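K.L.:
Just one file: work_34.cif, with mmCIF, C-alpha atoms, pLDDT in the B column; chains and numbers go by the auth columns.
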```cif
data_target
loop_
_atom_site.group_PDB
_atom_site.id
_atom_site.type_symbol
_atom_site.label_atom_id
_atom_site.label_comp_id
_atom_site.label_asym_id
_atom_site.label_seq_id
_atom_site.Cartn_x
_atom_site.Cartn_y
_atom_site.Cartn_z
_atom_site.B_iso_or_equiv
_atom_site.auth_seq_id
_atom_site.auth_asym_id
ATOM 1 C CA MET A 1 48.458 24.420 2.833 83.00 1 A
ATOM 2 C CA PHE A 2 47.520 24.669 -0.835 90.00 2 A
ATOM 3 C CA ILE A 3 49.347 21.397 -1.630 95.00 3 A
ATOM 4 C CA LEU A 4 47.606 19.596 1.245 96.00 4 A
ATOM 5 C CA LYS A 5 44.209 20.804 -0.013 96.00 5 A
ATOM 6 C CA ILE A 6 44.988 19.552 -3.526 96.00 6 A
ATOM 7 C CA ILE A 7 46.102 16.150 -2.192 97.00 7 A
ATOM 8 C CA PHE A 8 43.011 15.806 -0.018 97.00 8 A
ATOM 9 C CA ALA A 9 40.698 17.001 -2.782 98.00 9 A
ATOM 10 C CA GLY A 10 42.181 14.521 -5.250 98.00 10 A
ATOM 11 C CA PHE A 11 42.039 11.681 -2.734 97.00 11 A
ATOM 12 C CA PHE A 12 38.407 12.250 -1.743 98.00 12 A
ATOM 13 C CA ILE A 13 37.199 12.943 -5.284 98.00 13 A
ATOM 14 C CA TYR A 14 38.901 9.734 -6.448 98.00 14 A
ATOM 15 C CA ALA A 15 37.513 7.730 -3.511 96.00 15 A
ATOM 16 C CA GLY A 16 34.030 9.103 -4.155 97.00 16 A
ATOM 17 C CA ILE A 17 34.165 8.165 -7.837 98.00 17 A
ATOM 18 C CA MET A 18 35.407 4.666 -6.988 97.00 18 A
ATOM 19 C CA HIS A 19 32.253 4.085 -4.915 96.00 19 A
ATOM 20 C CA PHE A 20 30.320 4.339 -8.198 97.00 20 A
ATOM 21 C CA ILE A 21 32.803 2.572 -10.483 97.00 21 A
ATOM 22 C CA LYS A 22 33.601 -0.388 -8.195 95.00 22 A
ATOM 23 C CA PRO A 23 30.784 -0.605 -5.637 93.00 23 A
ATOM 24 C CA ARG A 24 31.474 -4.270 -4.860 92.00 24 A
ATOM 25 C CA PHE A 25 34.884 -3.392 -3.431 91.00 25 A
ATOM 26 C CA PHE A 26 33.166 -1.471 -0.622 91.00 26 A
ATOM 27 C CA ASN A 27 30.508 -4.104 0.206 90.00 27 A
ATOM 28 C CA ASN A 28 32.533 -5.831 2.916 89.00 28 A
ATOM 29 C CA PHE A 29 33.178 -2.522 4.670 89.00 29 A
ATOM 30 C CA ILE A 30 29.438 -1.986 5.170 90.00 30 A
ATOM 31 C CA PRO A 31 27.990 -3.854 8.162 87.00 31 A
ATOM 32 C CA ALA A 32 25.343 -6.498 7.520 89.00 32 A
ATOM 33 C CA GLY A 33 21.788 -5.290 7.794 93.00 33 A
ATOM 34 C CA LEU A 34 22.430 -1.996 6.048 93.00 34 A
ATOM 35 C CA PRO A 35 21.450 -1.501 2.392 96.00 35 A
ATOM 36 C CA LYS A 36 24.924 -1.932 0.926 94.00 36 A
ATOM 37 C CA LEU A 37 24.407 -0.261 -2.434 95.00 37 A
ATOM 38 C CA ALA A 38 22.577 2.745 -0.982 96.00 38 A
ATOM 39 C CA VAL A 39 25.139 3.254 1.803 96.00 39 A
ATOM 40 C CA ASN A 40 27.956 2.868 -0.708 96.00 40 A
ATOM 41 C CA TYR A 41 26.517 5.436 -3.115 97.00 41 A
ATOM 42 C CA ILE A 42 25.730 7.895 -0.319 97.00 42 A
ATOM 43 C CA ALA A 43 29.287 7.621 1.051 96.00 43 A
ATOM 44 C CA GLY A 44 30.707 8.060 -2.454 97.00 44 A
ATOM 45 C CA PHE A 45 28.524 11.094 -3.109 98.00 45 A
ATOM 46 C CA ILE A 46 29.575 12.694 0.184 98.00 46 A
ATOM 47 C CA GLU A 47 33.284 11.979 -0.368 98.00 47 A
ATOM 48 C CA PHE A 48 33.151 13.335 -3.917 98.00 48 A
ATOM 49 C CA PHE A 49 31.439 16.596 -3.028 98.00 49 A
ATOM 50 C CA LEU A 50 33.525 17.205 0.086 98.00 50 A
ATOM 51 C CA GLY A 51 36.619 16.801 -2.100 98.00 51 A
ATOM 52 C CA ILE A 52 35.201 19.251 -4.654 98.00 52 A
ATOM 53 C CA GLY A 53 34.419 21.673 -1.815 97.00 53 A
ATOM 54 C CA LEU A 54 38.121 21.972 -0.994 97.00 54 A
ATOM 55 C CA PHE A 55 38.641 23.815 -4.305 96.00 55 A
ATOM 56 C CA PHE A 56 36.264 26.640 -3.338 95.00 56 A
ATOM 57 C CA PRO A 57 37.591 29.035 -0.671 93.00 57 A
ATOM 58 C CA ALA A 58 34.061 30.025 0.405 93.00 58 A
ATOM 59 C CA VAL A 59 33.319 26.458 1.544 95.00 59 A
ATOM 60 C CA THR A 60 36.798 25.036 2.223 95.00 60 A
ATOM 61 C CA ASN A 61 36.369 25.143 5.989 94.00 61 A
ATOM 62 C CA ASP A 62 32.942 23.444 5.745 96.00 62 A
ATOM 63 C CA ALA A 63 34.332 20.780 3.394 97.00 63 A
ATOM 64 C CA SER A 64 37.353 20.101 5.611 97.00 64 A
ATOM 65 C CA LEU A 65 35.111 19.880 8.690 97.00 65 A
ATOM 66 C CA GLY A 66 32.871 17.476 6.770 98.00 66 A
ATOM 67 C CA ILE A 67 35.890 15.355 5.865 98.00 67 A
ATOM 68 C CA PHE A 68 37.009 15.338 9.504 98.00 68 A
ATOM 69 C CA ILE A 69 33.550 14.192 10.640 98.00 69 A
ATOM 70 C CA LEU A 70 33.395 11.569 7.885 97.00 70 A
ATOM 71 C CA LEU A 71 36.773 10.200 8.952 97.00 71 A
ATOM 72 C CA ILE A 72 35.523 9.964 12.552 97.00 72 A
ATOM 73 C CA LEU A 73 32.441 8.084 11.338 95.00 73 A
ATOM 74 C CA PHE A 74 34.552 5.675 9.268 94.00 74 A
ATOM 75 C CA LEU A 75 37.050 4.970 12.082 96.00 75 A
ATOM 76 C CA PRO A 76 34.899 2.339 13.886 94.00 76 A
ATOM 77 C CA ILE A 77 34.368 0.562 10.560 92.00 77 A
ATOM 78 C CA HIS A 78 38.121 0.417 9.976 94.00 78 A
ATOM 79 C CA ILE A 79 38.722 -0.859 13.504 95.00 79 A
ATOM 80 C CA TRP A 80 35.978 -3.470 13.023 93.00 80 A
ATOM 81 C CA ASP A 81 37.574 -4.476 9.711 92.00 81 A
ATOM 82 C CA ALA A 82 40.942 -5.022 11.426 94.00 82 A
ATOM 83 C CA THR A 83 39.308 -7.451 13.869 94.00 83 A
ATOM 84 C CA LYS A 84 37.910 -9.674 11.099 92.00 84 A
ATOM 85 C CA ILE A 85 39.652 -12.898 10.097 92.00 85 A
ATOM 86 C CA LYS A 86 39.756 -11.687 6.478 91.00 86 A
ATOM 87 C CA PRO A 87 39.654 -7.866 6.426 93.00 87 A
ATOM 88 C CA ALA A 88 37.885 -6.151 3.531 90.00 88 A
ATOM 89 C CA ILE A 89 41.025 -4.099 2.831 90.00 89 A
ATOM 90 C CA GLY A 90 42.843 -7.328 1.926 89.00 90 A
ATOM 91 C CA SER A 91 45.199 -8.163 4.764 92.00 91 A
ATOM 92 C CA LYS A 92 45.501 -7.773 8.521 94.00 92 A
ATOM 93 C CA LYS A 93 48.676 -5.734 8.031 95.00 93 A
ATOM 94 C CA LEU A 94 46.924 -3.193 5.794 95.00 94 A
ATOM 95 C CA ALA A 95 43.925 -3.113 8.136 95.00 95 A
ATOM 96 C CA TYR A 96 46.157 -2.230 11.083 96.00 96 A
ATOM 97 C CA ILE A 97 48.195 0.311 9.105 96.00 97 A
ATOM 98 C CA ARG A 98 44.995 2.043 8.025 95.00 98 A
ATOM 99 C CA ILE A 99 43.975 2.863 11.612 96.00 99 A
ATOM 100 C CA PRO A 100 46.862 5.262 12.423 96.00 100 A
ATOM 101 C CA LEU A 101 46.637 6.517 8.830 96.00 101 A
ATOM 102 C CA GLN A 102 43.033 7.488 9.610 96.00 102 A
ATOM 103 C CA PHE A 103 44.286 9.699 12.455 97.00 103 A
ATOM 104 C CA LEU A 104 46.866 11.256 10.129 97.00 104 A
ATOM 105 C CA LEU A 105 44.091 12.049 7.631 97.00 105 A
ATOM 106 C CA MET A 106 42.008 13.526 10.439 98.00 106 A
ATOM 107 C CA TYR A 107 44.936 15.743 11.395 98.00 107 A
ATOM 108 C CA GLY A 108 45.329 16.860 7.770 97.00 108 A
ATOM 109 C CA ALA A 109 41.622 17.723 7.559 98.00 109 A
ATOM 110 C CA TYR A 110 41.971 19.656 10.830 97.00 110 A
ATOM 111 C CA LEU A 111 44.924 21.637 9.441 97.00 111 A
ATOM 112 C CA ILE A 112 42.997 22.519 6.296 97.00 112 A
ATOM 113 C CA TYR A 113 40.079 23.613 8.462 96.00 113 A
ATOM 114 C CA LEU A 114 42.300 25.652 10.765 95.00 114 A
ATOM 115 C CA TYR A 115 44.065 27.471 7.929 93.00 115 A
ATOM 116 C CA SER A 116 40.850 28.135 6.015 90.00 116 A
ATOM 117 C CA LEU A 117 39.195 30.037 8.869 82.00 117 A
ATOM 118 C CA PRO A 118 38.870 33.763 8.276 78.00 118 A
ATOM 119 C CA ILE A 119 41.433 35.877 10.073 72.00 119 A
ATOM 120 C CA THR A 120 39.807 38.182 12.620 62.00 120 A
ATOM 121 C CA GLN A 121 41.493 41.144 14.253 56.00 121 A
#
```
Will you turn the file into structure tokens for me?
P.N.:
Amino acid sequence: MFILKIIFAGFFIYAGIMHFIKPRFFNNFIPAGLPKLAVNYIAGFIEFFLGIGLFFPAVTNDASLGIFILLILFLPIHIWDATKIKPAIGSKKLAYIRIPLQFLLMYGAYLIYLYSLPITQ
């Protein structure tokens, strides 16, 4: 489980940082009518700190639950992106691959959560 936590932490920390380094990349993922820059920075901040949280045993289960919830919240956006003529991810193929990948990530977050719960007797 340690390896999975490291992979997830690295992935979410990296993704969170990229929201600040390349905010334009994420613009087309954010629905019209929402303040794109604010939503982008908030999502990046949340991803970054949830990733950091995986390194601290006292909050690992909270961080993994947060990641699971975040992935649920992002799922409709990824489905919406796959329905667009020109998906923000770059291609229809990638947009459709990302949807089952989202469920795989959700399962990984669930496993981290499950194995970070305190053992009660």
K.L.:
Please provide the set of residues having any atom within 12 Å of Ile21 in chain A, restricted to all atoms listed in the file, with same-chain residues fewer than 4 positions apart removed, written as a PyMOL selection string.
P.N.:
chain A and resi 14-17+25-26+37+40-41+44
K.L.:
Which polymer residues have any atom within 12 Å of an atom of Pro57 in chain A, counting only C-alpha atoms, with same-chain residues fewer than 3 positions away left out, as a PyMOL selection string?
P.N.:
chain A and resi 2+5+52-54+60-64+112-113+115-118
K.L.:
Which residue, A:Trp80, A:Phe68, A:Tyr96, A:Phe8, has the smallest gap to Phe55 in chain A when you use only C-alpha atoms?
P.N.:
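Of A:Trp80, A:Phe68, A:Tyr96, A:Phe8, the one nearest Phe55 in chain A is A:Phe8, counting only C-alpha atoms.
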K.L.:
Identify which of the residues A:Val39, A:Phe29, A:Tyr107, A:Leu50 lies closest to Pro87 in chain A, counting all atoms listed in the file when measuring atom-to-atom distances.
P.N.:
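That would be A:Phe29, the residue with the smallest distance to Pro87 in chain A.
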K.L.:
For the atom pair CA of Ile69 in chain A and CA of Ile46 in chain A, what is the interatomic distance in Å to one decimal place?
P.N.:
11.3 Å
K.L.:
Show me, as a PyMOL selection string, the residues that have an atom within 8 Å of Phe12 in chain A when counting only C-alpha atoms, minus same-chain residues fewer than 6 positions from it.
P.N.:
chain A and resi 47-48+50-51
K.L.:
With distances taken over all atoms listed in the file, which of A:Phe56, A:Phe45, A:Phe74, A:Phe103 is nearest to His19 in chain A?
P.N.:
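Counting all atoms listed in the file, the residue closest to His19 in chain A is A:Phe45.
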K.L.:
How big is the axis-aligned box, and where does its centre sit, when it encloses all atoms of range 90-108 of chain A listed in the file and has 3 Å added on every side, reported in Å to one decimal as JSON?
P.N.:
```
{"center_x": 45.3, "center_y": 4.3, "center_z": 7.2, "size_x": 12.7, "size_y": 31.0, "size_z": 16.5}
```
K.L.:
If I take CA of Ile6 in chain A and CA of Lys22 in chain A, how far is one from the other in Å, to one decimal?
P.N.:
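Atom-to-atom, CA of Ile6 in chain A to CA of Lys22 in chain A, that is 23.4 Å.
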K.L.:
Give me, as JSON, numbers by chain, all polymer residues having an atom no more than 10 Å from Ile77 in chain A, counting all atoms listed in the file and skipping those fewer than 3 positions away in the same chain.
P.N.:
{"A": [29, 30, 31, 72, 73, 74, 80, 81, 82, 83, 99]}
K.L.:
Hey, can you check how far CA of Ala43 in chain A sits from CA of Leu70 in chain A?
P.N.:
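Separation between CA of Ala43 in chain A and CA of Leu70 in chain A: 8.9 Å.
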K.L.:
Contacts of Leu75 in chain A at 8 Å or less, counting only C-alpha atoms, minus same-chain residues fewer than 4 places along, as a PyMOL selection string?
P.N.:
chain A and resi 71+79+99+102
K.L.:
Of the candidates A:Met106, A:Leu34, A:Ile42, A:Leu65, which shows the shortest atom-to-atom distance to Phe20 in chain A, using only C-alpha atoms?
P.N.:
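Going through A:Met106, A:Leu34, A:Ile42, A:Leu65 one by one, the smallest distance to Phe20 in chain A is for A:Ile42.
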K.L.:
Could you tell me which of A:Val59, A:Ile13, A:Ile67, A:Met1 comes closest to Leu105 in chain A if we count only C-alpha atoms?
P.N.:
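Ranking A:Val59, A:Ile13, A:Ile67, A:Met1 by distance to Leu105 in chain A, first place goes to A:Ile67.
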